[in-house]
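Report on the following structure.
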Amino acid sequence: MSDCDCHKASEEIKERSVLVTLLAINGFMFLVEIVLGILADSTGLVADSLDMLADATVYGIALYAVGRAASVKSKAARLSGWLQIALAAGVFLDILRRFLYGSEPDFWFMFGVGIAALIANVICLALLARHRKGEVHMRASWIFSKNDVIANLGIIVASLLVYMTDSPWPDLAIGALITVVVLRGGIQILKNSSPDN
């Protein structure tokens, strides 16, 4: 086996290890956030939990792509992009439902879970840092985690605004913002995975 092949095999092992860790973190945080988001009656937390689920799915797809042909990696990234766009549509429908029927988000749940999710996503971002300029499936994973950190900061700010104003509007606003961030991430991934790139 040549040095080039050994280096490639070593990189694939590192990618797999990172992706398995990311999959575990996001899968666990999805379960935590969806349960507490429902209990907290929070659009922001429910939106972020679904984002975690989409991320876990994306990391699973990226894990499948490791060591495979560039065309498979590109298809995996495109699938990830479409999943993000579908998630954005689902979150938008939840925002409409809560806007029409009302909600009473709980500050403490929002704030506490927002902090926990931020810590989890900063860990994910740190694990992906050395792969952020790698192949398309790893670049897609980097975009997901970067967007998650932004969304978590938004949830923390929204929770404080919910507390100060005693209004559900900040929660609805952060849900809408997460929808836009997720949608933009999906579109960016589709652009990055196009045959021209």
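Quick note on naming: the chains in the structure tokens go A, B, ... in the order shown, residues restart at 1 in each chain, and ligands are numbered from 1 in order of appearance.
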
Give me, as CSV, each residue of segment 139-160 of chain A that comes within 9 Å of segment 62-84 of chain A, together with its shortest interatomic pair and the distance in Å at one decimal, counting only C-alpha atoms, with rows ordered by chain and rising residue number.
residue,atom,partner,partner_atom,distance
A:Arg139,CA,A:Ala77,CA,8.6
A:Ala140,CA,A:Ala77,CA,6.2
A:Ser141,CA,A:Ala62,CA,7.7
A:Phe144,CA,A:Gln84,CA,8.8

Once you have the residues from the selection above, write them out as a tab-separated table (two decimals), in the first residue's frame, restricted to all heavy atoms.
chain	number	residue	atom	x	y	z
A	139	ARG	N	-17.97	19.14	4.31
A	139	ARG	CA	-18.29	20.57	4.28
A	139	ARG	C	-19.76	20.77	4.63
A	139	ARG	O	-20.12	21.72	5.33
A	139	ARG	CB	-17.98	21.18	2.90
A	139	ARG	CG	-16.51	21.23	2.57
A	139	ARG	CD	-16.18	22.17	1.43
A	139	ARG	NE	-17.00	22.02	0.25
A	139	ARG	CZ	-16.69	21.27	-0.81
A	139	ARG	NH1	-15.57	20.56	-0.81
A	139	ARG	NH2	-17.49	21.21	-1.86
A	140	ALA	N	-20.63	19.87	4.15
A	140	ALA	CA	-22.05	19.95	4.48
A	140	ALA	C	-22.25	19.79	5.99
A	140	ALA	O	-23.04	20.51	6.61
A	140	ALA	CB	-22.83	18.88	3.72
A	141	SER	N	-21.52	18.87	6.59
A	141	SER	CA	-21.63	18.65	8.04
A	141	SER	C	-21.19	19.89	8.81
A	141	SER	O	-21.80	20.26	9.83
A	141	SER	CB	-20.77	17.45	8.45
A	141	SER	OG	-21.23	16.28	7.83
A	144	PHE	N	-23.99	22.49	8.75
A	144	PHE	CA	-25.05	22.14	9.70
A	144	PHE	C	-24.70	22.58	11.12
A	144	PHE	O	-25.49	23.21	11.80
A	144	PHE	CB	-25.30	20.63	9.70
A	144	PHE	CG	-26.09	20.14	8.55
A	144	PHE	CD1	-25.56	19.23	7.67
A	144	PHE	CD2	-27.38	20.59	8.33
A	144	PHE	CE1	-26.29	18.77	6.60
A	144	PHE	CE2	-28.12	20.13	7.26
A	144	PHE	CZ	-27.57	19.21	6.39

Contacts of Gly90 of chain A within 12 Å, only C-alpha atoms, excl. fewer than 5 positions in-chain, as a PyMOL selection string: chain A and resi 43+46-51+54+83-85+95-97+175-176+178-180+182-183

Looking at A:Val181, A:Ile25, A:Ala173, A:Leu160, which one is nearest to Trp108 of chain A, with distances taken over only C-alpha atoms?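 Result for the nearest residue to Trp108 of chain A: A:Leu160.
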
Atom pair atom CA of Ser193 of chain A / atom CA of Glu135 of chain A: separation (Å):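 Computing it gives 9.7 Å between the two atoms.
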
Å distance separating atom CA of Asp166 of chain A from atom CA of Ile150 of chain A, one decimal place: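 Separating atom CA of Asp166 of chain A from atom CA of Ile150 of chain A is a distance of 23.5 Å.
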